[in-house]
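Here is the structure we will look at.
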Amino acid sequence: MNIDYFKIKLQAQEMELLEELETSEQTGSRDTVQLDQQSVGRLSRIDAMQGQQMALEQQRRRQRQLLAIRSALRRIEEEDYGYCVQCGEEINPKRLDVNPCAVKCIHCAK
């Protein structure tokens, strides 16, 4: 298995996620919704609140993915990358190519 390939792939994903997180923070997707009864109609406020919740969930999803990527990079450094955490067998490189953060082989993941 070519560990360097996966390390480069994970580092690229990490950089991309960091850029996305920074951009979303700069655009104010975490700002609170104004709940002024007179300036915005009820449906508009509901739409704004729903949009805010979707943006927050997307932010949380990116943060979880970033943690998974950093965990995979740590496993590479510790020379544990590519081995199932449950059974200890090698994870198929094709599975890792699709999901480089995978911690279980296909059999244990079922």
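Going by the structure tokens order, chains are called A, B, ..., each with residues numbered from 1, while ligands are numbered from 1 in the order shown.
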
*Using backbone DSSP assignments, extract all alpha helix (DSSP H) residues from chain A; output them as a PyMOL selection string.*
chain A and resi 3-26+42-77+93-98+106-109

*Excluding Gln86 in chain A and any residue of its chain fewer than 5 positions from it, enumerate the residues within 9 Å of it, using only C-alpha atoms, and give them as an MDAnalysis selection string.*
chainID A and resid 103:105 108

Mind dumping the selected residues with C-alpha atoms as a PDB file, in the first residue's frame?
```
ATOM      1  CA  VAL A 103     -10.943   2.886  10.290  1.00  0.00           C
ATOM      2  CA  LYS A 104     -12.594  -0.491   9.688  1.00  0.00           C
ATOM      3  CA  CYS A 105     -12.326  -3.093   6.963  1.00  0.00           C
ATOM      4  CA  CYS A 108     -16.161  -5.123  10.349  1.00  0.00           C
TER       5      CYS A 108
END
```

*Do you know which residues are at most 9 Å from range 88-98 of chain A counting only C-alpha atoms, after dropping those on the same chain fewer than 6 positions away, and could you put them as a PyMOL selection string?*
chain A and resi 1-2+6+9+81-82+104-106

*CA of Leu56 in chain A and CA of Thr27 in chain A, how far apart in Å?*
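CA of Leu56 in chain A lies 12.6 Å from CA of Thr27 in chain A.
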
*Any idea what the distance is between CA of Glu78 in chain A and CA of Leu17 in chain A?*
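Computed distance, CA of Glu78 in chain A to CA of Leu17 in chain A, equals 23.0 Å.
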
*In Å, with one decimal, what is the gap from CA of Leu73 in chain A to CA of Lys7 in chain A?*
6.6 Å

*Given only C-alpha atoms as the counted atoms, nearest of A:Thr23, A:Lys110, A:Pro100, A:Tyr83 to Arg70 in chain A*: A:Pro100

*For Arg64 in chain A, work out the shell of residues within 12 Å, counting only C-alpha atoms and skipping chain neighbours fewer than 6 positions away, then give it as a ChimeraX atom specification.*
/A:14,17-18,21,57-58,70-71,101
